[in-house]
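Reading through the structure tokens given below for one structure.
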Number of protein chains: 4
Amino acid sequence: MEFDLVVKNGTVVTAQGVYRADVGIRGKHIAAIGEALHGEREIDADGMYVTPGAVDVHVHLEMPIGDFVSTDDFYAGTRAAAFGGTATIIDFVEPAPEETMLEALAALRAKADGKVVIDYGLHMTIGPTEIVKLAQVPAAYEAGCASFKLYMAYGLRLNDGELWQALTAVHNTGGLPVIHAENWDVITTLVAENVANGRTSPHYHPRSRPAKLEGEAAGRAIDIAELVGTRLYVFHVSCGETAARIAAARQRGLPIYGETCPQYLLLDWSLYDRPGVLGALPVCSPPIRAQEEQANLWRALGQNHLQVVSTDHCPFTMAEKESRSANYSQIPGGVPSIEVRFAAVYSQGVRAGHLSLAQWVDVCCTTPARLFGLQSKGEIAIGYDADLVIFDPERERVITPASLHETAGWTLYEGMMLRGWPVVTISRGKVIVENDELLVGPGYGRFIKRRY
Amino acid sequence: MEFDLVVKNGTVVTAQGVYRADVGIRGKHIAAIGEALHGEREIDADGMYVTPGAVDVHVHLEMPIGDFVSTDDFYAGTRAAAFGGTATIIDFVEPAPEETMLEALAALRAKADGKVVIDYGLHMTIGPTEIVKLAQVPAAYEAGCASFKLYMAYGLRLNDGELWQALTAVHNTGGLPVIHAENWDVITTLVAENVANGRTSPHYHPRSRPAKLEGEAAGRAIDIAELVGTRLYVFHVSCGETAARIAAARQRGLPIYGETCPQYLLLDWSLYDRPGVLGALPVCSPPIRAQEEQANLWRALGQNHLQVVSTDHCPFTMAEKESRSANYSQIPGGVPSIEVRFAAVYSQGVRAGHLSLAQWVDVCCTTPARLFGLQSKGEIAIGYDADLVIFDPERERVITPASLHETAGWTLYEGMMLRGWPVVTISRGKVIVENDELLVGPGYGRFIKRRY
Amino acid sequence: MEFDLVVKNGTVVTAQGVYRADVGIRGKHIAAIGEALHGEREIDADGMYVTPGAVDVHVHLEMPIGDFVSTDDFYAGTRAAAFGGTATIIDFVEPAPEETMLEALAALRAKADGKVVIDYGLHMTIGPTEIVKLAQVPAAYEAGCASFKLYMAYGLRLNDGELWQALTAVHNTGGLPVIHAENWDVITTLVAENVANGRTSPHYHPRSRPAKLEGEAAGRAIDIAELVGTRLYVFHVSCGETAARIAAARQRGLPIYGETCPQYLLLDWSLYDRPGVLGALPVCSPPIRAQEEQANLWRALGQNHLQVVSTDHCPFTMAEKESRSANYSQIPGGVPSIEVRFAAVYSQGVRAGHLSLAQWVDVCCTTPARLFGLQSKGEIAIGYDADLVIFDPERERVITPASLHETAGWTLYEGMMLRGWPVVTISRGKVIVENDELLVGPGYGRFIKRRY
Amino acid sequence: MEFDLVVKNGTVVTAQGVYRADVGIRGKHIAAIGEALHGEREIDADGMYVTPGAVDVHVHLEMPIGDFVSTDDFYAGTRAAAFGGTATIIDFVEPAPEETMLEALAALRAKADGKVVIDYGLHMTIGPTEIVKLAQVPAAYEAGCASFKLYMAYGLRLNDGELWQALTAVHNTGGLPVIHAENWDVITTLVAENVANGRTSPHYHPRSRPAKLEGEAAGRAIDIAELVGTRLYVFHVSCGETAARIAAARQRGLPIYGETCPQYLLLDWSLYDRPGVLGALPVCSPPIRAQEEQANLWRALGQNHLQVVSTDHCPFTMAEKESRSANYSQIPGGVPSIEVRFAAVYSQGVRAGHLSLAQWVDVCCTTPARLFGLQSKGEIAIGYDADLVIFDPERERVITPASLHETAGWTLYEGMMLRGWPVVTISRGKVIVENDELLVGPGYGRFIKRRY
């Protein structure tokens, strides 16, 4: 037979357009797109969309935060991703103070390589203790960490001078800086004032982190990036205020990019007013915001003011959330979205008229691959990795914790009915999910050395 | 053999990206994109770009204007287009007062069908005498004229009320209105003042049609389009003033589009100061403008404020130009660009860093096809018409009249060295230009019924 | 005694600030502002505001429109103005085709000079028949008509080329062009469509003149003014759309100005849905608009995007309105506001927090005087004409036709309670209104030769 | 005689307009503005402008900075101010860590009260050690410090959380926060990098404090102010980047204000390249910038994007400057402008066409008085303090250190010819400067308790 595997009769959706074709795979790569292709195995995708494997550039698997570790380890997390149609993730390396970047990378890979079921890349984090290690940035880049995470919040926060230093070092290497932008000084002041006045319920979480302070920080990072002359990618944009600053910078011709996440597109801050631990579950930062921000974010995606939907997937168990729920500022922050992302953007974005089919694939697959140096991912074209999703646009699914493969045991999307769901996931030419079963074991995934 | 024709080993450039692949053609369509394809005939494109056949949505072939007829007839014009890598053009139907739109369409097709060597479509012109024929718009649309030309200048000028009527009729049919936007009343006043004062040399041509008056008219048309709720496409944007109004409308979320042309991107108004007939040759409207507008236009293309490069190809002979050169306002307006467009945007746009390879294909092939309802054109994807160009990025050519197949006998680009030129043009699966020879005869081209 | 008249103990309000002082008048001029001034006559203004006499730069008295003449003649209209605190008006000269501008001015003055009870100036209208008389513009300017009215609507409409000619002529003379901006072609098309479909009630009046078409026309006039390099003043701005275009032009540094009127600030288009003739009364152009425009206009005044409140006072009797009410497009257009303007802006503007006291005086007195070349009007400063108003901020008045001195017999403000009303009006040193009585006879007013 | 002092026959210039009048003074106040006033003393001001006494809201007299103290003490500084036409200054209180605000105020007043020859007010500085003293803000306000200085740079720098706290406290009291806005973290990083690489000459001073970093900090302060809901006044705007952020905030309706200073309006950064100590003299922060910023700042003043011209007067001797000139970052920062300000804005601003006469008085006298709660200053109106300047618009003066009364011994304006100079200064009814002589002794000035 000419091909090893052919996806037949499907409607191919790329970031550019939609057409009917067969996709032929030889070994690990897409070898042909054509009519009447034949292969050793053939999968009929009639009535289905055939898309690139989705790419989630922002996940935190088995990540230690204080006393806790995010619930999904590299096996469980990549398994859930695979079921959701995601064929590549990018997670984070956070060097300990005494570690070199390469040592930290090696340690992380030692933890992940044997567990992942899909391909993965790693951002290198530059925290305050890494400022003295900036000479290691080229080595990290060469080792495949082409993007570098900078924080303006939390203990990992860089002050603006350190930010300038880190941006300069990353820019000189050709890497892409990615940033968590919030005004930490004001937020901690507002939190302290709330706590001092007994306002400790999750209701006050979004109210201590107003949209203005996210917009301000993003604007400041953009200003410093402009001074350095570097590209910059803004993580988890949750509001129109931040999107507007990115749009204004892009309008001036600056290479600034931004992502948002399903929790900001689909949910609103009334969740924080649910009773008991239910109000604690949605705690994440930036917080989920007032309902009108959903429309702002869909519009920003539609107008290319934001370019990517990722997840910032970082769940903790209900027990962990509850153990700290007496004071919202102590609740471990993070929510799960890794499995629903691709379907959620289709169901609530494309079906609702916010995005076209091509834009859906663009923000979930193609642009994240392009921006993050995943050179063989995110497209259906000859020579690219044969990462494909067969997506049934009519398959309905009511989200429940049991319906997902995430391990947190809860989901903020519980009860939401999504129409459209991935039914087959193919990674490097191999069918890895089919008939609701995972067909590969831990370690099938590969670490990808990213570069520009 | 599996395919009729295979373009092998080339670098495929689409609006979305760049990858190496063979392209397999069966009959008139693209049947496969893959590795190691084989066909009855195989063309080696190693070191070449393989692009979609280019699409020029704005040409005037053998068009009567007053005492003259534009020099290239449907044979000569489409032949020159084919040599330049253009596989589809869109020309115009202008009904006579007593003709129905369908009669005028039939008459035009009777003139063109037997001559064209590439595929072509037709815009239907709605002049003042067509306002009473607006009930014919649906029939024109059904007959394949999916776009409708409206003038704010010349004898074909609609006043704003007629413009509202025409836009409403086109919008209700689902068609796309396209517009020549200049403030005719002020321009004729400025011209009259110049002529009355003996300022009749071509130097005064651009000075009677200032950029502000093009921007004003485009802005007015956009305002009326917004009132109607319709899409609108602005022809031959020659300056940043107009591009800014289109950009502002798009920023507000309106479906407004614009094109520019090679003469505005590559040339400047010093041409009007050349001696004798040389100063008369570049007379066209809008005029070629001050040099700084070139940068404005490249930037507008790069930022997607403008979406298309077409030509407005409409040449007259040097003798015709000369015969009226005593008074710039009487010189027949129009310049030739049909053959150089695709190469010129590559050489002066991509090589100069204004556009990416993907943007080049986007503005010259893909977006014009999408916007104008050429459903099977402008992409390299399965099932699309096998319109392809093999483009040698290193082929150097110094432009002279003799080097071109246009019949005007002169070119404004004379002496310009372009690096990059199309070497093979394929139309519906057939090689029509190769080794500097045209391989098909008049009538090979087909009229395309466009629709949305 | 040192002064002829002293206004004592009042609170002086100027465009710049507020302070307590006596104002001393000698002859026709303000001779002193000070403490403890004494004069032959002294008026105690304790608890009152003392403001400059108000200036209304846009009124139409005994103006012929078709079969009708606006109801207030130069006596009745200026009398009503005086009762409302207005000490100067500017009306219009409209030359007949065969008249020179100076003849028309003389004819108008022959009609008005003997009737007016307050000072007045005249705009010179440049209609289509005046384009051939543009050489007379300097003479008109020298004769005191420093501002020139241009129409983009009605029979007096100039096309854009004529507009360019008129603006150029006025600019070269140093005069100020003032413009009625609406897109007449589209409006007449919309009207014709409504009438053809039997939609003839006043409800359709504002719906045939959408805000977008006023904004478009104002924007176009600004573009042409920018080309000419001239100042421009936009009459009767009724919506945020137009205010935004003026604001944008001013932001670019252009000398563009705009006014609004009480009917746009205080009323909304629900008035057109009142039964019978009541719906016909508010017909004027631009129309009164949706309620949200009120806030847009107050904000535009507060931010100096608009600079003046005038009235466009031009009433017709109820019988006249009714006689044509079968078809809204035939109803004589115009409404009365000449008497309530100054109090209305105070009551609904200052008391409601939209404007400061100083802004109230600025938009009603000082800026109109400055912009229109009324060099001795609109300020409380030494040497200026002693035009003053003593304004009781607590005087309450429920508006009824009987409470006003206008002669239309109806008012759109009927039933509105204004808090604050002028109690004394002084013109050139003479008390002309006091104790609700007019103390001067027809002809007391003087024609003012305005200049810059 | 009716008045104690009459300034006769002058041309009164106020922020609102220009007119000829006598100004009559009784005791300490303006008692009349009129014609033919007479007084015990009469000064003929024929051919002169009569303006309010100028107000300089930003000076640093005998201020300790590290090892140095700014050269002009409260006597010398106010004396120089008086010779320049300034009748009121506002200086600063900087509490020591262990002092209360009121103690620090008392200490400052003990130092200043006996020395000042003109009236003065004081800003209260809130540095990091004052954050625990925010409960004292109402007392400071009540004691007359109605405005509060906040720093984003130097040792007095507040972090953003402290800034939020300080803005909140000042806002709740009704005071006006004023801010030094620069991004300190990035600046210190750039300085450190320069110094580490031996780039220590003053040439690198402006290059370590790019305009972008001033704009960023001002934008951030505005964002935080918007969150708090407070007014904010931005000190020493030196570039268009910052002016644009203030303009944008004002455009959104926020109560944000900004000032610039003569050194930014009249000088450029080529001064830093002068040899030896001459390059060290202009060191101040923000730095003097590239020449094109001058036009940006004049335009911002003309368009009311900036509202005030103050001086930030803070000179050090040439010896002091020189002692630290080996490393630009150690040079004591500050330059003298206190004496030339009023004349310089007239000569280089009004005469050069950037500002009108009224705007000159507005930005130098009236608006600073209004914004800073100097309720009896800055206007020529009845009841206001009789602070007046008689200004000779034709008096030419070439600036040299010897021509000034400042004590630094050098001036950056050396050799500049100003046309227009104050010839008489009157403070609270008393002539304090006349015939180039100071007519009052130390202690004539009064501390002014400012309030809103």
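Residues are named by chain letter and number: chains run A, B, ... in the order of the structure tokens, numbers start at 1 in each chain, and ligands are numbered from 1 in the order shown.
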| task | Can you pull out every residue within 12 Å of Gln263 (chain A), counting only C-alpha atoms, but drop anything in the same chain fewer than 5 positions away, and send it as a count of residues only? | result | 39
| said: Counting only C-alpha atoms, a student should be able to say which residues of chain C come within 12 Å of chain D; what is the right answer, written as a PyMOL selection string? | reply: chain C and resi 2-3+9-26+29-38+244+247-248+250-255+299-300+302-305+358+362+366-367+370+375-376+378-384
| task | For CA of Ile90 (chain A) and CA of Lys449 (chain A), quote the distance in Å rounded to one decimal. | result |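 Pair CA of Ile90 (chain A) / CA of Lys449 (chain A) returns 11.0 Å.
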| How would you write, as JSON, numbers by chain, the set of residues in region 17-237 of chain B that DSSP gives as alpha helix (DSSP H)? | {"B": [74, 75, 76, 77, 78, 79, 80, 81, 82, 83, 101, 102, 103, 104, 105, 106, 107, 108, 109, 110, 111, 112, 137, 138, 139, 140, 141, 142, 160, 161, 162, 163, 164, 165, 166, 167, 168, 169, 170, 171, 172, 173, 184, 185, 186, 187, 188, 189, 190, 191, 192, 193, 194, 195, 196, 204, 205, 206, 207, 211, 212, 213, 214, 215, 216, 217, 218, 219, 220, 221, 222, 223, 224, 225, 226, 227, 228]}
| Leu374 (chain C): which residues within 10 Å, counting only C-alpha atoms, same-chain residues fewer than 5 positions away excluded, as a PyMOL selection string? | chain C and resi 55+88+90+120-121+146+366-369+448-452
Kindly export the residues of the current selection with all heavy atoms, as a CSV table (one decimal), in the first residue's frame.
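out38.csv written:
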```csv
chain,number,residue,atom,x,y,z
C,55,VAL,N,-25.5,85.6,24.1
C,55,VAL,CA,-25.3,85.8,22.7
C,55,VAL,C,-25.8,84.6,22.0
C,55,VAL,O,-25.4,83.5,22.3
C,55,VAL,CB,-23.8,86.1,22.4
C,55,VAL,CG1,-23.6,86.2,20.9
C,55,VAL,CG2,-23.3,87.3,23.1
C,88,THR,N,-27.7,89.9,22.4
C,88,THR,CA,-27.2,90.0,21.0
C,88,THR,C,-27.7,88.7,20.3
C,88,THR,O,-27.5,87.6,20.8
C,88,THR,CB,-25.7,90.1,20.9
C,88,THR,OG1,-25.2,91.1,21.8
C,88,THR,CG2,-25.3,90.4,19.5
C,90,ILE,N,-27.6,86.8,16.2
C,90,ILE,CA,-27.1,86.9,14.8
C,90,ILE,C,-28.1,86.1,13.9
C,90,ILE,O,-28.4,85.0,14.2
C,90,ILE,CB,-25.7,86.3,14.6
C,90,ILE,CG1,-24.7,87.0,15.6
C,90,ILE,CG2,-25.2,86.6,13.2
C,90,ILE,CD1,-23.3,86.5,15.4
C,120,TYR,N,-27.9,93.3,17.0
C,120,TYR,CA,-27.9,92.1,16.2
C,120,TYR,C,-26.8,92.2,15.1
C,120,TYR,O,-26.4,93.2,14.7
C,120,TYR,CB,-29.3,91.9,15.6
C,120,TYR,CG,-29.6,92.8,14.4
C,120,TYR,CD1,-29.6,92.2,13.1
C,120,TYR,CD2,-29.8,94.1,14.5
C,120,TYR,CE1,-29.9,93.0,12.0
C,120,TYR,CE2,-30.1,94.9,13.4
C,120,TYR,CZ,-30.1,94.4,12.2
C,120,TYR,OH,-30.4,95.2,11.1
C,121,GLY,N,-26.4,91.0,14.7
C,121,GLY,CA,-25.5,90.9,13.5
C,121,GLY,C,-26.2,90.0,12.5
C,121,GLY,O,-27.2,89.4,12.7
C,146,ALA,N,-19.2,89.1,9.0
C,146,ALA,CA,-17.9,88.5,9.1
C,146,ALA,C,-18.0,87.0,9.0
C,146,ALA,O,-17.0,86.3,8.9
C,146,ALA,CB,-17.3,88.8,10.5
C,366,THR,N,-19.6,84.0,26.1
C,366,THR,CA,-18.3,84.5,25.7
C,366,THR,C,-17.7,83.9,24.5
C,366,THR,O,-17.3,84.6,23.6
C,366,THR,CB,-17.3,84.2,26.9
C,366,THR,OG1,-17.9,84.6,28.1
C,366,THR,CG2,-16.0,84.8,26.7
C,367,THR,N,-17.8,82.6,24.4
C,367,THR,CA,-17.2,82.0,23.2
C,367,THR,C,-18.0,82.3,21.9
C,367,THR,O,-17.4,82.6,20.9
C,367,THR,CB,-17.1,80.4,23.3
C,367,THR,OG1,-16.0,80.2,24.3
C,367,THR,CG2,-16.7,79.7,22.0
C,368,PRO,N,-19.4,82.3,21.9
C,368,PRO,CA,-20.0,82.8,20.7
C,368,PRO,C,-19.6,84.2,20.3
C,368,PRO,O,-19.4,84.5,19.1
C,368,PRO,CB,-21.5,82.7,21.1
C,368,PRO,CG,-21.6,82.3,22.5
C,368,PRO,CD,-20.3,81.8,22.9
C,369,ALA,N,-19.4,85.1,21.3
C,369,ALA,CA,-19.0,86.5,20.9
C,369,ALA,C,-17.6,86.4,20.3
C,369,ALA,O,-17.3,87.1,19.3
C,369,ALA,CB,-19.0,87.3,22.2
C,448,ILE,N,-24.6,95.4,14.3
C,448,ILE,CA,-23.2,95.4,14.7
C,448,ILE,C,-22.3,94.9,13.5
C,448,ILE,O,-22.6,93.8,13.0
C,448,ILE,CB,-22.9,94.5,15.9
C,448,ILE,CG1,-23.8,95.0,17.1
C,448,ILE,CG2,-21.5,94.5,16.3
C,448,ILE,CD1,-23.7,94.2,18.3
C,449,LYS,N,-21.4,95.7,13.1
C,449,LYS,CA,-20.5,95.3,12.1
C,449,LYS,C,-19.4,94.4,12.8
C,449,LYS,O,-18.6,94.9,13.5
C,449,LYS,CB,-19.8,96.5,11.4
C,449,LYS,CG,-20.9,97.3,10.7
C,449,LYS,CD,-20.3,98.6,10.1
C,449,LYS,CE,-19.4,98.3,8.9
C,449,LYS,NZ,-19.2,99.6,8.1
C,450,ARG,N,-19.5,93.1,12.5
C,450,ARG,CA,-18.5,92.2,13.1
C,450,ARG,C,-17.3,92.1,12.3
C,450,ARG,O,-17.3,92.3,11.1
C,450,ARG,CB,-19.2,90.8,13.3
C,450,ARG,CG,-20.4,90.9,14.2
C,450,ARG,CD,-21.1,89.5,14.3
C,450,ARG,NE,-21.7,89.2,13.0
C,450,ARG,CZ,-21.4,88.1,12.3
C,450,ARG,NH1,-20.5,87.2,12.7
C,450,ARG,NH2,-22.0,87.9,11.2
C,451,ARG,N,-16.2,91.8,12.9
C,451,ARG,CA,-14.9,91.6,12.2
C,451,ARG,C,-13.9,90.9,13.2
C,451,ARG,O,-14.1,90.8,14.4
C,451,ARG,CB,-14.3,92.9,11.8
C,451,ARG,CG,-14.0,93.9,12.9
C,451,ARG,CD,-13.1,95.1,12.5
C,451,ARG,NE,-13.3,95.6,11.2
C,451,ARG,CZ,-12.5,95.3,10.1
C,451,ARG,NH1,-11.4,94.5,10.3
C,451,ARG,NH2,-12.7,95.8,8.9
C,452,TYR,N,-12.9,90.4,12.5
C,452,TYR,CA,-11.9,89.6,13.3
C,452,TYR,C,-10.6,90.4,13.4
C,452,TYR,O,-10.3,91.3,12.6
C,452,TYR,CB,-11.6,88.3,12.7
C,452,TYR,CG,-12.8,87.4,12.7
C,452,TYR,CD1,-13.6,87.2,11.6
C,452,TYR,CD2,-13.2,86.8,13.9
C,452,TYR,CE1,-14.7,86.4,11.6
C,452,TYR,CE2,-14.4,86.0,13.9
C,452,TYR,CZ,-15.1,85.9,12.8
C,452,TYR,OH,-16.3,85.1,12.8
```
| Arg231 (chain A) surroundings by only C-alpha atoms, 12 Å radius, close-in-sequence under 2 positions cut, as a count of residues only | 36
| field | Val191 (chain A) surroundings by only C-alpha atoms, 12 Å radius, close-in-sequence under 6 positions cut, as a PyMOL selection string | value | (chain A and resi 184-185+197-210+327-330) or (chain D and resi 161)
Could the residues in this selection be saved with N, CA, C and O atoms as a CSV table (one decimal), in the first residue's frame?
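So the final result, stored in again-v6.csv, reads:
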```csv
chain,number,residue,atom,x,y,z
A,184,TRP,N,1.6,43.4,41.1
A,184,TRP,CA,1.7,42.6,42.4
A,184,TRP,C,1.6,43.5,43.6
A,184,TRP,O,1.0,43.2,44.6
A,185,ASP,N,2.3,44.6,43.6
A,185,ASP,CA,2.4,45.5,44.7
A,185,ASP,C,1.0,46.0,45.1
A,185,ASP,O,0.6,46.0,46.3
A,197,ASN,N,-9.6,43.4,57.2
A,197,ASN,CA,-11.0,43.8,57.5
A,197,ASN,C,-12.0,42.6,57.5
A,197,ASN,O,-13.2,42.8,57.4
A,198,GLY,N,-11.4,41.4,57.5
A,198,GLY,CA,-12.2,40.2,57.6
A,198,GLY,C,-13.0,39.8,56.3
A,198,GLY,O,-13.9,39.0,56.3
A,199,ARG,N,-12.5,40.4,55.2
A,199,ARG,CA,-13.2,40.1,53.9
A,199,ARG,C,-12.3,39.0,53.3
A,199,ARG,O,-11.5,39.3,52.5
A,200,THR,N,-12.6,37.8,53.7
A,200,THR,CA,-11.7,36.7,53.3
A,200,THR,C,-12.4,35.6,52.4
A,200,THR,O,-11.8,34.6,52.1
A,201,SER,N,-13.7,35.8,52.1
A,201,SER,CA,-14.3,34.8,51.2
A,201,SER,C,-13.8,35.0,49.8
A,201,SER,O,-13.4,36.1,49.4
A,202,PRO,N,-14.0,33.9,49.0
A,202,PRO,CA,-13.5,34.0,47.6
A,202,PRO,C,-14.2,35.1,46.8
A,202,PRO,O,-13.7,35.6,45.8
A,203,HIS,N,-15.3,35.6,47.2
A,203,HIS,CA,-16.0,36.8,46.6
A,203,HIS,C,-15.0,37.9,46.4
A,203,HIS,O,-15.1,38.7,45.4
A,204,TYR,N,-14.0,38.0,47.3
A,204,TYR,CA,-13.1,39.1,47.3
A,204,TYR,C,-11.9,38.8,46.4
A,204,TYR,O,-11.0,39.7,46.2
A,205,HIS,N,-11.8,37.6,45.9
A,205,HIS,CA,-10.6,37.3,45.1
A,205,HIS,C,-10.5,38.2,43.8
A,205,HIS,O,-9.6,38.9,43.6
A,206,PRO,N,-11.6,38.1,43.0
A,206,PRO,CA,-11.5,39.0,41.8
A,206,PRO,C,-11.5,40.5,42.1
A,206,PRO,O,-10.9,41.3,41.4
A,207,ARG,N,-12.0,40.8,43.2
A,207,ARG,CA,-12.1,42.2,43.6
A,207,ARG,C,-10.8,42.7,44.2
A,207,ARG,O,-10.6,44.0,44.3
A,208,SER,N,-9.9,41.9,44.5
A,208,SER,CA,-8.5,42.3,44.8
A,208,SER,C,-7.6,42.3,43.6
A,208,SER,O,-6.4,42.7,43.8
A,209,ARG,N,-8.1,41.9,42.5
A,209,ARG,CA,-7.2,41.8,41.3
A,209,ARG,C,-8.0,42.5,40.2
A,209,ARG,O,-8.3,41.8,39.2
A,210,PRO,N,-8.3,43.7,40.3
A,210,PRO,CA,-9.2,44.3,39.2
A,210,PRO,C,-8.5,44.3,37.8
A,210,PRO,O,-7.3,44.3,37.7
A,327,ASN,N,-9.4,31.7,53.9
A,327,ASN,CA,-8.8,33.0,53.5
A,327,ASN,C,-8.5,32.8,52.0
A,327,ASN,O,-7.6,32.1,51.6
A,328,TYR,N,-9.2,33.6,51.2
A,328,TYR,CA,-9.1,33.4,49.7
A,328,TYR,C,-7.7,33.5,49.2
A,328,TYR,O,-7.3,32.9,48.2
A,329,SER,N,-6.9,34.3,49.9
A,329,SER,CA,-5.6,34.5,49.4
A,329,SER,C,-4.6,33.4,49.6
A,329,SER,O,-3.5,33.3,49.1
A,330,GLN,N,-5.1,32.4,50.4
A,330,GLN,CA,-4.2,31.2,50.7
A,330,GLN,C,-4.6,30.0,49.8
A,330,GLN,O,-4.0,29.0,49.9
D,161,GLY,N,2.1,49.5,45.6
D,161,GLY,CA,1.1,49.3,46.6
D,161,GLY,C,1.1,50.5,47.6
D,161,GLY,O,0.0,51.0,48.0
```
| field | Shell around region 215-218 of chain B at 6 Å using only C-alpha atoms, local window under 5 positions removed, as number ranges by chain | value | B: 181-183, 241-242
| request: One decimal, Å: what's the distance from CA of Pro138 (chain B) over to CA of His58 (chain B), could you say? | output: 21.9 Å
| said: Going by DSSP on the backbone, which residues of region 278-430 of chain C come out as strand (DSSP E)? List them as number ranges by chain. | reply: C: 308-309, 388-398, 417-427, 430
